[in-house]
>>> print(open('protein.cif').read())   # mmCIF, C-alpha atoms
data_query
#
loop_
_atom_site.label_atom_id
_atom_site.label_comp_id
_atom_site.auth_asym_id
_atom_site.auth_seq_id
_atom_site.Cartn_x
_atom_site.Cartn_y
_atom_site.Cartn_z
CA MET A 1 -32.52 55.91 0.33
CA ARG A 2 -30.80 52.73 1.21
CA ASN A 3 -34.11 50.89 1.34
CA LEU A 4 -35.15 52.24 -2.00
CA THR A 5 -31.95 51.12 -3.62
CA LYS A 6 -32.33 47.69 -2.14
CA ARG A 7 -35.89 47.47 -3.40
CA HIS A 8 -34.78 48.64 -6.80
CA ARG A 9 -32.06 46.00 -6.95
CA SER A 10 -34.46 43.24 -6.01
CA ARG A 11 -36.85 44.45 -8.69
CA VAL A 12 -34.09 44.29 -11.27
CA TRP A 13 -33.17 40.80 -10.07
CA ARG A 14 -36.78 39.60 -10.36
CA ARG A 15 -37.08 41.02 -13.84
CA TYR A 16 -33.92 39.46 -15.16
CA ARG A 17 -33.74 36.35 -13.00
CA ALA A 18 -35.26 34.10 -15.61
CA LEU A 19 -32.82 35.41 -18.16
CA PHE A 20 -29.82 34.84 -15.88
CA ILE A 21 -30.89 31.29 -15.15
CA ALA A 22 -31.50 30.53 -18.81
CA ALA A 23 -28.07 31.88 -19.69
CA ALA A 24 -26.43 29.85 -16.94
CA LEU A 25 -28.15 26.67 -18.13
CA ALA A 26 -27.08 27.34 -21.69
CA ALA A 27 -23.47 27.72 -20.53
CA VAL A 28 -23.60 24.42 -18.64
CA SER A 29 -25.22 22.53 -21.49
CA THR A 30 -22.43 23.50 -23.87
CA LEU A 31 -19.93 21.65 -21.63
CA PRO A 32 -19.45 17.89 -22.26
CA VAL A 33 -21.58 15.83 -19.92
CA ARG A 34 -19.21 14.48 -17.29
CA ALA A 35 -19.90 13.06 -13.86
CA ALA A 36 -17.70 14.22 -11.02
CA ASP A 37 -14.44 12.33 -10.42
CA MET A 38 -14.45 9.68 -7.72
CA GLU A 39 -11.46 8.33 -5.86
CA VAL A 40 -10.23 4.91 -4.78
CA THR A 41 -7.32 5.09 -2.37
CA ILE A 42 -4.71 2.44 -1.76
CA ASP A 43 -3.67 2.13 1.87
CA ASN A 44 -2.16 -0.84 3.67
CA PHE A 45 -2.29 -3.10 0.61
CA ALA A 46 -6.05 -2.57 0.11
CA PHE A 47 -8.31 -0.64 -2.28
CA THR A 48 -10.78 1.64 -0.47
CA PRO A 49 -13.64 1.47 -1.06
CA LYS A 50 -13.32 -2.13 -2.14
CA GLU A 51 -16.47 -1.75 -4.23
CA LEU A 52 -17.47 1.57 -5.75
CA THR A 53 -20.65 2.33 -7.69
CA ALA A 54 -20.48 5.14 -10.23
CA LYS A 55 -22.49 6.45 -13.16
CA ALA A 56 -21.27 5.76 -16.68
CA GLY A 57 -18.84 8.48 -17.73
CA THR A 58 -17.32 8.83 -14.27
CA THR A 59 -13.57 9.16 -14.06
CA ILE A 60 -12.14 7.17 -11.17
CA VAL A 61 -8.80 8.20 -9.73
CA PHE A 62 -6.80 5.43 -8.03
CA ARG A 63 -4.28 6.94 -5.63
CA ASN A 64 -1.46 4.97 -3.97
CA ARG A 65 -0.72 6.13 -0.44
CA ASP A 66 1.49 3.16 0.53
CA ASP A 67 5.30 3.18 0.71
CA ILE A 68 5.26 0.26 -1.73
CA PRO A 69 4.27 0.49 -5.41
CA HIS A 70 0.96 -0.95 -6.55
CA SER A 71 -0.84 -1.16 -9.87
CA VAL A 72 -4.43 -1.33 -11.04
CA VAL A 73 -5.26 -4.06 -13.57
CA GLY A 74 -8.73 -4.74 -14.97
CA SER A 75 -9.61 -8.45 -14.90
CA LYS A 76 -10.42 -8.38 -18.63
CA GLY A 77 -7.61 -6.04 -19.55
CA GLU A 78 -10.02 -3.06 -19.79
CA PHE A 79 -7.43 -0.87 -18.03
CA HIS A 80 -3.89 -1.29 -16.80
CA SER A 81 -1.92 1.29 -14.86
CA LYS A 82 1.84 1.43 -14.64
CA ALA A 83 3.33 0.71 -11.22
CA LEU A 84 2.25 3.62 -9.04
CA ASP A 85 4.86 4.82 -6.60
CA THR A 86 3.88 6.57 -3.36
CA ASP A 87 1.31 9.36 -4.00
CA GLU A 88 1.09 8.61 -7.71
CA SER A 89 -2.34 8.10 -9.22
CA PHE A 90 -4.01 6.53 -12.23
CA SER A 91 -7.27 7.73 -13.78
CA PHE A 92 -9.69 5.83 -15.94
CA THR A 93 -13.06 6.94 -17.32
CA PHE A 94 -15.67 4.21 -17.18
CA ALA A 95 -17.76 4.98 -20.25
CA LYS A 96 -19.89 1.83 -20.30
CA ALA A 97 -22.16 0.33 -17.66
CA GLY A 98 -20.96 -2.95 -16.21
CA SER A 99 -19.09 -4.58 -13.38
CA TYR A 100 -15.32 -4.20 -13.50
CA ALA A 101 -13.23 -6.42 -11.25
CA TYR A 102 -9.61 -5.38 -10.83
CA SER A 103 -6.53 -6.28 -8.81
CA CYS A 104 -2.98 -5.13 -8.12
CA GLY A 105 -0.49 -6.55 -10.62
CA LEU A 106 2.19 -6.83 -7.93
CA HIS A 107 0.02 -8.06 -5.07
CA PRO A 108 -2.84 -10.03 -6.64
CA ARG A 109 -4.54 -10.57 -3.27
CA MET A 110 -5.49 -6.90 -3.46
CA GLN A 111 -8.79 -6.83 -5.30
CA GLY A 112 -11.57 -4.33 -5.94
CA ARG A 113 -14.62 -3.73 -8.11
CA ILE A 114 -16.14 -0.76 -9.89
CA VAL A 115 -19.86 -1.10 -10.64
CA VAL A 116 -20.86 1.31 -13.40
CA THR A 117 -24.56 2.14 -13.76
CA PRO A 118 -26.10 3.64 -16.94
CA MET B 119 21.97 -13.22 23.54
CA SER B 120 21.46 -16.42 21.70
CA ASN B 121 18.20 -17.86 20.57
CA ASP B 122 18.41 -21.53 19.76
CA ASN B 123 15.29 -22.68 18.03
CA THR B 124 16.40 -26.22 17.51
CA ASN B 125 13.72 -28.37 16.00
CA LYS B 126 10.90 -25.90 16.20
CA GLY B 127 9.67 -23.02 14.10
CA ILE B 128 10.95 -19.58 14.80
CA ASP B 129 9.02 -18.25 17.77
CA ARG B 130 7.30 -14.88 17.97
CA ARG B 131 10.10 -13.29 19.97
CA GLY B 132 12.67 -14.67 17.57
CA ALA B 133 10.69 -13.33 14.67
CA LEU B 134 10.41 -9.92 16.30
CA GLU B 135 14.15 -9.79 16.84
CA CYS B 136 14.86 -10.95 13.33
CA MET B 137 12.59 -8.47 11.69
CA LEU B 138 14.51 -5.61 13.25
CA TRP B 139 17.58 -6.55 11.32
CA ALA B 140 18.58 -5.21 7.97
CA GLY B 141 21.65 -4.64 5.87
CA THR B 142 22.87 -8.19 5.87
CA GLY B 143 23.49 -11.06 3.56
CA VAL B 144 23.53 -14.74 4.35
CA LEU B 145 26.58 -16.88 3.82
CA TRP B 146 25.84 -20.44 2.86
CA THR B 147 28.41 -23.16 3.16
CA LEU B 148 28.13 -26.59 1.64
CA ASN B 149 30.10 -29.28 3.41
CA GLY B 150 29.34 -32.49 1.58
CA GLY B 151 25.85 -31.26 0.74
CA VAL B 152 25.18 -29.92 4.22
CA PRO B 153 24.17 -26.27 3.90
CA LYS B 154 24.78 -23.84 6.75
CA SER B 155 24.08 -20.15 6.90
CA SER B 156 25.45 -17.32 8.98
CA GLN B 157 25.03 -13.58 9.13
CA LEU B 158 27.87 -11.64 7.61
CA LEU B 159 28.22 -8.66 9.82
CA GLY B 160 30.81 -7.83 12.44
CA ILE B 161 33.13 -10.19 14.22
CA GLU B 162 31.28 -13.22 12.91
CA THR B 163 32.85 -12.50 9.55
CA ALA B 164 35.99 -14.35 10.50
CA GLN B 165 34.02 -17.33 11.77
CA ALA B 166 31.96 -17.46 8.61
CA ALA B 167 35.13 -17.31 6.58
CA GLU B 168 36.57 -20.20 8.54
CA LYS B 169 33.51 -22.26 7.77
CA ALA B 170 33.78 -21.25 4.15
CA ALA B 171 37.39 -22.31 4.04
CA ALA B 172 36.34 -25.82 5.05
CA GLY B 173 33.98 -26.29 2.14
CA PHE B 174 32.16 -24.80 -0.78
CA SER B 175 30.40 -21.58 0.02
CA PHE B 176 28.12 -19.12 -1.66
CA LEU B 177 26.23 -16.01 -0.60
CA GLN B 178 22.58 -15.09 -0.65
CA ILE B 179 21.47 -11.47 -0.71
CA SER B 180 17.89 -10.43 -1.19
CA ASP B 181 15.46 -7.55 -1.48
CA SER B 182 17.94 -4.75 -2.03
CA HIS B 183 15.10 -2.49 -3.31
CA VAL B 184 17.53 -0.03 -4.86
CA GLY B 185 15.63 3.24 -5.24
CA PHE B 186 13.68 2.87 -1.99
CA ASN B 187 14.04 6.05 0.06
CA LYS B 188 11.07 6.07 2.43
CA PRO B 189 11.29 6.50 6.23
CA ALA B 190 11.90 2.79 6.91
CA ASN B 191 15.30 3.32 5.24
CA PRO B 192 16.00 6.58 3.40
CA ASP B 193 19.12 5.06 1.81
CA ALA B 194 18.57 1.50 0.61
CA LEU B 195 21.55 1.80 -1.75
CA GLY B 196 23.72 2.72 1.22
CA THR B 197 22.78 -0.39 3.21
CA LEU B 198 23.36 -2.52 0.12
CA LYS B 199 26.84 -0.98 -0.08
CA GLU B 200 27.41 -1.92 3.56
CA ALA B 201 26.33 -5.50 2.91
CA ILE B 202 28.69 -5.73 -0.07
CA GLY B 203 31.42 -4.22 2.09
CA LYS B 204 30.95 -7.15 4.48
CA VAL B 205 31.19 -9.58 1.59
CA ASN B 206 34.49 -8.00 0.61
CA GLY B 207 35.69 -8.37 4.19
CA LEU B 208 35.38 -12.13 4.08
CA LEU B 209 38.71 -13.94 4.42
CA ALA B 210 37.65 -16.82 2.22
CA LYS B 211 36.08 -15.76 -1.03
CA PRO B 212 32.69 -17.38 -1.69
CA ALA B 213 32.32 -19.08 -5.08
CA PHE B 214 29.37 -16.90 -6.14
CA MET B 215 26.36 -15.00 -4.95
CA ILE B 216 22.65 -15.50 -5.50
CA HIS B 217 20.21 -12.61 -5.36
CA THR B 218 16.67 -13.70 -4.57
CA GLY B 219 14.91 -10.75 -6.13
CA ASP B 220 13.59 -7.22 -5.65
CA ILE B 221 16.95 -5.97 -6.82
CA THR B 222 15.28 -2.63 -7.54
CA HIS B 223 12.25 -0.90 -6.10
CA LEU B 224 10.64 0.23 -9.38
CA SER B 225 12.52 -1.54 -12.24
CA LYS B 226 13.99 1.78 -13.41
CA PRO B 227 17.15 1.65 -15.54
CA GLY B 228 19.04 3.86 -13.08
CA GLN B 229 18.07 1.58 -10.20
CA PHE B 230 19.29 -1.50 -12.07
CA ASP B 231 22.49 0.39 -12.93
CA ASP B 232 23.12 1.37 -9.30
CA ALA B 233 22.39 -2.15 -8.05
CA GLU B 234 24.71 -3.78 -10.59
CA LYS B 235 27.48 -1.29 -9.86
CA VAL B 236 27.36 -1.85 -6.09
CA ILE B 237 26.83 -5.63 -6.22
CA GLY B 238 29.58 -5.82 -8.84
CA GLU B 239 32.04 -4.48 -6.27
CA ALA B 240 31.99 -7.93 -4.65
CA LYS B 241 33.63 -9.24 -7.83
CA LEU B 242 31.62 -12.44 -7.69
CA ASP B 243 29.40 -14.13 -10.23
CA VAL B 244 25.82 -13.29 -9.30
CA HIS B 245 22.87 -15.55 -10.12
CA TYR B 246 19.70 -13.50 -10.05
CA VAL B 247 16.03 -14.32 -9.93
CA PRO B 248 13.50 -11.48 -10.19
CA GLY B 249 11.13 -10.18 -7.54
CA GLU B 250 7.84 -8.54 -8.45
CA HIS B 251 9.53 -5.14 -8.15
CA ASP B 252 11.94 -6.09 -10.95
CA LEU B 253 9.22 -6.75 -13.55
CA ILE B 254 7.29 -3.46 -13.41
CA ASP B 255 8.93 -1.67 -16.31
CA GLU B 256 6.59 -0.72 -19.14
CA ASN B 257 7.40 -3.92 -21.02
CA ASN B 258 6.53 -6.39 -18.25
CA GLY B 259 9.99 -7.55 -17.31
CA LYS B 260 11.98 -6.82 -20.48
CA ALA B 261 14.29 -4.52 -18.49
CA TYR B 262 15.17 -7.40 -16.14
CA LEU B 263 15.54 -10.03 -18.88
CA ASP B 264 17.72 -7.75 -21.03
CA ARG B 265 20.19 -7.58 -18.14
CA PHE B 266 19.92 -10.92 -16.39
CA GLY B 267 18.02 -13.18 -18.74
CA LYS B 268 20.94 -14.56 -20.72
CA ASN B 269 20.86 -18.39 -20.72
CA THR B 270 17.49 -18.45 -18.96
CA LYS B 271 14.12 -19.80 -20.03
CA GLY B 272 10.68 -18.17 -20.01
CA SER B 273 10.47 -15.32 -17.52
CA GLY B 274 14.04 -16.00 -16.34
CA TRP B 275 14.36 -19.50 -14.80
CA TYR B 276 17.50 -21.67 -15.13
CA SER B 277 19.69 -24.21 -13.39
CA PHE B 278 23.41 -24.85 -12.99
CA ASP B 279 25.76 -27.19 -11.15
CA ALA B 280 28.35 -26.07 -8.62
CA GLY B 281 30.29 -27.73 -5.83
CA GLY B 282 28.55 -31.04 -6.38
CA ALA B 283 25.11 -29.49 -5.87
CA HIS B 284 22.41 -28.68 -8.41
CA PHE B 285 21.12 -25.10 -8.25
CA ILE B 286 17.72 -24.11 -9.64
CA GLY B 287 16.60 -20.49 -9.96
CA LEU B 288 12.81 -20.22 -10.29
CA VAL B 289 10.54 -17.28 -11.09
CA ASN B 290 7.27 -17.06 -9.15
CA VAL B 291 6.49 -13.37 -9.65
CA ALA B 292 5.44 -13.29 -13.32
CA ASN B 293 1.86 -13.44 -14.66
CA LEU B 294 0.29 -13.34 -11.22
CA LYS B 295 -3.41 -14.09 -11.17
CA ALA B 296 -6.00 -11.98 -9.33
CA GLY B 297 -6.71 -13.33 -5.88
CA GLY B 298 -3.68 -15.60 -5.87
CA MET B 299 -0.17 -15.63 -4.40
CA GLY B 300 3.12 -16.33 -6.20
CA SER B 301 2.92 -18.62 -9.22
CA LEU B 302 5.33 -20.85 -11.16
CA GLY B 303 3.02 -21.86 -13.99
CA ASP B 304 2.74 -24.97 -16.16
CA GLU B 305 5.59 -24.13 -18.52
CA GLN B 306 8.12 -23.67 -15.73
CA LEU B 307 6.95 -26.79 -13.88
CA ALA B 308 7.31 -28.85 -17.06
CA TRP B 309 10.83 -27.48 -17.46
CA LEU B 310 11.62 -28.34 -13.83
CA ALA B 311 10.45 -31.94 -14.27
CA ASP B 312 12.69 -32.21 -17.32
CA ASP B 313 15.62 -30.53 -15.57
CA LEU B 314 15.51 -33.01 -12.66
CA LYS B 315 15.07 -36.08 -14.86
CA GLY B 316 17.92 -38.54 -14.41
CA LYS B 317 19.56 -36.62 -11.55
CA PRO B 318 20.74 -39.00 -8.79
CA THR B 319 18.74 -38.64 -5.60
CA SER B 320 22.02 -38.17 -3.72
CA THR B 321 22.61 -34.83 -5.47
CA PRO B 322 22.01 -31.96 -3.04
CA VAL B 323 19.51 -29.60 -4.63
CA VAL B 324 19.33 -25.88 -3.85
CA VAL B 325 16.22 -24.11 -5.15
CA PHE B 326 15.96 -20.34 -5.00
CA ALA B 327 13.09 -18.02 -5.88
CA HIS B 328 11.78 -14.68 -4.65
CA ILE B 329 8.46 -15.48 -2.97
CA PRO B 330 8.58 -18.31 -0.41
CA LEU B 331 7.72 -21.73 -1.79
CA TRP B 332 5.69 -22.52 1.28
CA THR B 333 2.70 -20.59 2.59
CA ILE B 334 3.71 -18.28 5.40
CA SER B 335 0.66 -16.01 5.16
CA ALA B 336 -2.04 -16.47 2.55
CA ASP B 337 -3.62 -13.13 3.53
CA TRP B 338 -0.41 -11.30 2.76
CA GLY B 339 0.29 -13.36 -0.38
CA TRP B 340 3.38 -14.90 1.23
CA GLY B 341 3.37 -18.20 -0.57
CA THR B 342 3.31 -19.77 -4.04
CA GLU B 343 0.05 -21.19 -5.41
CA ASP B 344 1.55 -24.18 -7.21
CA SER B 345 4.66 -24.78 -5.07
CA ALA B 346 3.33 -28.23 -4.07
CA ARG B 347 3.82 -29.37 -7.67
CA ALA B 348 7.46 -28.26 -7.61
CA LEU B 349 8.05 -29.89 -4.22
CA ALA B 350 6.54 -33.16 -5.46
CA LEU B 351 9.22 -33.23 -8.16
CA LEU B 352 11.92 -32.66 -5.51
CA LYS B 353 10.61 -35.21 -3.05
CA ARG B 354 12.91 -38.05 -4.08
CA PHE B 355 16.08 -36.05 -3.35
CA GLY B 356 17.85 -36.59 -0.04
CA SER B 357 18.81 -32.96 0.54
CA VAL B 358 16.75 -30.05 -0.74
CA THR B 359 17.32 -26.48 0.41
CA VAL B 360 14.84 -23.79 -0.64
CA LEU B 361 16.06 -20.21 -0.35
CA ASN B 362 13.65 -17.32 -0.67
CA GLY B 363 13.31 -13.60 0.07
CA HIS B 364 10.28 -11.32 -0.29
CA ILE B 365 9.23 -11.24 3.37
CA HIS B 366 12.27 -9.28 4.65
CA GLN B 367 12.77 -11.45 7.72
CA LEU B 368 14.12 -14.82 8.71
CA MET B 369 11.75 -17.74 8.61
CA GLN B 370 12.65 -21.38 8.50
CA LYS B 371 10.83 -24.67 8.23
CA VAL B 372 11.83 -28.27 7.66
CA GLU B 373 9.53 -30.72 5.95
CA GLY B 374 10.94 -34.16 5.28
CA ASN B 375 14.19 -33.68 3.39
CA VAL B 376 13.38 -30.09 2.51
CA THR B 377 14.66 -27.09 4.43
CA PHE B 378 12.94 -23.79 3.68
CA HIS B 379 14.70 -20.57 4.59
CA THR B 380 13.93 -16.91 3.91
CA ALA B 381 16.62 -14.23 3.98
CA MET B 382 16.51 -10.74 5.38
CA SER B 383 16.42 -7.71 3.12
CA THR B 384 19.33 -5.32 2.73
CA ALA B 385 16.81 -2.47 2.50
CA PHE B 386 14.11 -2.50 5.18
CA PRO B 387 12.36 -4.90 7.54
CA GLN B 388 8.76 -6.04 7.22
CA PRO B 389 6.45 -7.07 10.05
CA ALA B 390 5.89 -10.64 11.16
CA PRO B 391 2.65 -12.00 9.70
CA GLY B 392 -0.42 -10.76 11.52
CA THR B 393 1.43 -8.16 13.61
CA ALA B 394 0.57 -5.16 11.42
CA ALA B 395 -2.19 -3.86 9.18
CA SER B 396 -0.19 -4.73 6.08
CA PRO B 397 3.14 -6.26 5.01
CA GLY B 398 4.56 -2.85 4.06
CA PRO B 399 7.95 -1.48 5.23
CA MET B 400 8.33 -1.43 9.00
CA LEU B 401 9.80 1.64 10.61
CA VAL B 402 12.24 0.97 13.46
CA PRO B 403 14.37 3.55 15.30
CA ALA B 404 17.40 4.36 13.13
CA GLU B 405 19.88 3.72 15.93
CA LYS B 406 18.45 0.25 16.42
CA LEU B 407 18.98 -0.87 12.86
CA ARG B 408 22.70 -1.66 13.17
CA THR B 409 22.81 -2.60 16.83
CA LEU B 410 20.33 -5.36 16.00
CA LEU B 411 22.40 -6.87 13.22
CA GLY B 412 23.75 -10.27 14.02
CA LEU B 413 24.59 -13.80 13.19
CA THR B 414 22.27 -16.61 12.23
CA SER B 415 23.60 -20.06 11.69
CA VAL B 416 21.48 -22.74 10.08
CA GLU B 417 22.60 -26.30 9.94
CA VAL B 418 21.07 -29.24 8.14
CA ARG B 419 22.72 -32.51 9.07
CA ARG B 420 22.50 -35.36 6.66
CA GLY B 421 20.65 -38.35 8.04
CA LYS B 422 18.88 -36.23 10.67
CA ARG B 423 15.57 -34.47 10.45
CA ALA B 424 16.51 -31.98 13.15
CA LEU B 425 17.25 -28.43 12.16
CA ALA B 426 19.30 -26.06 14.30
CA ILE B 427 18.83 -22.30 14.05
CA THR B 428 20.90 -19.97 16.19
CA ASP B 429 20.28 -16.23 16.08
CA SER B 430 22.94 -14.13 17.79
CA PRO B 431 22.61 -10.35 17.62
CA LEU B 432 25.97 -8.55 17.49
CA ALA B 433 24.97 -5.99 20.09
CA VAL B 434 22.25 -5.77 22.69
CA SER B 435 20.60 -2.38 22.59
#
>>> encode(input="protein.cif", output="structure tokens")
Amino acid sequence: MRNLTKRHRSRVWRRYRALFIAAALAAVSTLPVRAADMEVTIDNFAFTPKELTAKAGTTIVFRNRDDIPHSVVGSKGEFHSKALDTDESFSFTFAKAGSYAYSCGLHPRMQGRIVVTP
Amino acid sequence: MSNDNTNKGIDRRGALECMLWAGTGVLWTLNGGVPKSSQLLGIETAQAAEKAAAGFSFLQISDSHVGFNKPANPDALGTLKEAIGKVNGLLAKPAFMIHTGDITHLSKPGQFDDAEKVIGEAKLDVHYVPGEHDLIDENNGKAYLDRFGKNTKGSGWYSFDAGGAHFIGLVNVANLKAGGMGSLGDEQLAWLADDLKGKPTSTPVVVFAHIPLWTISADWGWGTEDSARALALLKRFGSVTVLNGHIHQLMQKVEGNVTFHTAMSTAFPQPAPGTAASPGPMLVPAEKLRTLLGLTSVEVRRGKRALAITDSPLAVS
């Protein structure tokens, strides 16, 4: 009995599998295309990773884990966070491909780069 | 325990002792243009007051970081109150106080309010210059300038005369450029040249700014990119004293007629350059904080190049 049921279920799955997958794909495609978030952490007065490569559309989260506030300032003014206190974060979505240098507005020796690929 | 560093830079041990101290201010005394400094805490108060009685004196406090509440000091406002309490215990009232920046931790209105209320209890005129922590409101320093910017130029620089000396408050924490250290900028340097024009070289000059005007650690940003241009303008003066904060520890250097001195913070200590992964707040055992407070006297004698620094902790732990 048990075996029969199992066989029956697998038959049902085979029959409808294509339909399930198609439906799942349809559901995904209705969502806006968005790459997964990536994170840059701030520890010991440094951005880690110092250089990060991401696909266009990626949202990067900059998280301050120091006991001192830091900020994130794009070299061409593309983005500018407020001063981030301990455990605060700033997010920016990099829509266009390019190379984005940035630094900390309080401690300009702290520098990093986001390389955005198409 | 006394650590006399006459005529040499502060040594590593001295620096390590110094950086354990917090909650202090520095009392400066001008005797005929000869600045001296001493710690304010404990029994040295009376001595400092005696010195003050002999001449013109003023106070330097720095890096109060009001709003800071992390493990290195959960109550930065409390230690500022203690420092101001010491000021009020002085027998001879100083003429005024200078604050060399990082009044607040995050430039928040409440933090400025608390700082002004506590510092105001000293009932002294206070001449402020901003630290980078004082210019991080949403309007890039408007919060600071609205409070302290009256009669200042640009991002908050100014000068005044007192006790026969010329005092210059500079701002080296505004418009910082990526990759650089502190910066004065062309506009401020042009103003400085104009401000010094016609001043007799015999006038003692006291310059104060947040970030040190000499490079202590380029890696940690402890210096000012264009300080050499300011120092060139000051070169002709016989007595120049440069007072800074930012590094939360005592450092001193003499170069020609110029004495550079950094003050301790009233909030938390920072590590000596190169002794930690970063210049962030340094955690020391709570019970050590006050037992390691002490007296530092700094003496610049006219006509001599030698500089005497004496650090004397109040208690040996």
>>> closest_residue(input="protein.cif", among="B:Leu177, B:Val325, B:Ile202, B:Leu401", to="chain A", atoms="all atoms listed in the file")
B:Leu401
>>> closest_residue(input="protein.cif", among="B:Gln367, B:Asn258, B:Ser180, B:Thr377", to="Tyr246 in chain B", atoms="all atoms listed in the file")
B:Ser180
>>> closest_atom_pairs(input="protein.cif", of="chain B", to="chain A", cutoff="6 Å", atoms="only C-alpha atoms", output="Markdown table")
| residue | atom | partner | partner_atom | distance |
| --- | --- | --- | --- | --- |
| B:Glu250 | CA | A:Leu106 | CA | 5.9 |
| B:Ala296 | CA | A:Pro108 | CA | 4.6 |
| B:Gly297 | CA | A:Arg109 | CA | 4.4 |
| B:Gly298 | CA | A:Pro108 | CA | 5.7 |
| B:Ser396 | CA | A:Asn44 | CA | 5.0 |
>>> resolve_selection(input="protein.cif", expression="the PyMOL selection byres ((chain B and resi 345) around 8)", output="JSON, numbers by chain")
{"B": [301, 302, 331, 332, 342, 343, 344, 346, 347, 348, 349]}
>>> resolve_selection(input="protein.cif", expression="the PyMOL selection byres ((chain B and resi 228-238) around 9)", output="JSON, numbers by chain")
{"B": [182, 183, 184, 185, 195, 198, 199, 202, 221, 222, 223, 224, 225, 226, 227, 239, 240, 241, 242, 243, 244, 252, 261, 262, 265]}
>>> resolve_selection(input="protein.cif", expression="the PyMOL selection byres ((chain A and resi 87) around 7)", output="count of residues only")
7
>>> residues_around(input="protein.cif", residues="Phe355 in chain B", least_positions_apart="2", cutoff="8 Å", atoms="only C-alpha atoms", output="MDAnalysis selection string")
chainID B and resid 318:323 352:353 357:358 375
>>> atom_distance(input="protein.cif", atom1="CA of Gly259 in chain B", atom2="CA of Trp338 in chain B")
22.9 Å
>>> atom_distance(input="protein.cif", atom1="CA of Gly300 in chain B", atom2="CA of Thr197 in chain B")
27.0 Å
>>> residues_around(input="protein.cif", residues="Ile334 in chain B", least_positions_apart="5", cutoff="9 Å", atoms="only C-alpha atoms", output="PDB file with C-alpha atoms, in the coordinates of the input")
ATOM      1  CA  GLY B 339       0.290 -13.360  -0.380  1.00  0.00           C
ATOM      2  CA  TRP B 340       3.380 -14.900   1.230  1.00  0.00           C
ATOM      3  CA  GLY B 341       3.370 -18.200  -0.570  1.00  0.00           C
ATOM      4  CA  MET B 369      11.750 -17.740   8.610  1.00  0.00           C
ATOM      5  CA  PRO B 391       2.650 -12.000   9.700  1.00  0.00           C
TER       6      PRO B 391
END
>>> closest_residue(input="protein.cif", among="A:Ser99, A:Thr117, A:Ser91, A:Thr59", to="Met38 in chain A", atoms="only C-alpha atoms")
A:Thr59
>>> atom_distance(input="protein.cif", atom1="CA of Gly272 in chain B", atom2="CA of Ile216 in chain B")
19.0 Å
>>> residues_around(input="protein.cif", residues="Phe92 in chain A", least_positions_apart="2", cutoff="8 Å", atoms="only C-alpha atoms", output="mmCIF file with C-alpha atoms, in the coordinates of the input")
data_model
loop_
_atom_site.group_PDB
_atom_site.id
_atom_site.type_symbol
_atom_site.label_atom_id
_atom_site.label_comp_id
_atom_site.auth_asym_id
_atom_site.auth_seq_id
_atom_site.Cartn_x
_atom_site.Cartn_y
_atom_site.Cartn_z
ATOM 1 C CA THR A 59 -13.570 9.160 -14.060
ATOM 2 C CA ILE A 60 -12.140 7.170 -11.170
ATOM 3 C CA VAL A 61 -8.800 8.200 -9.730
ATOM 4 C CA PHE A 79 -7.430 -0.870 -18.030
ATOM 5 C CA PHE A 90 -4.010 6.530 -12.230
ATOM 6 C CA PHE A 94 -15.670 4.210 -17.180
#
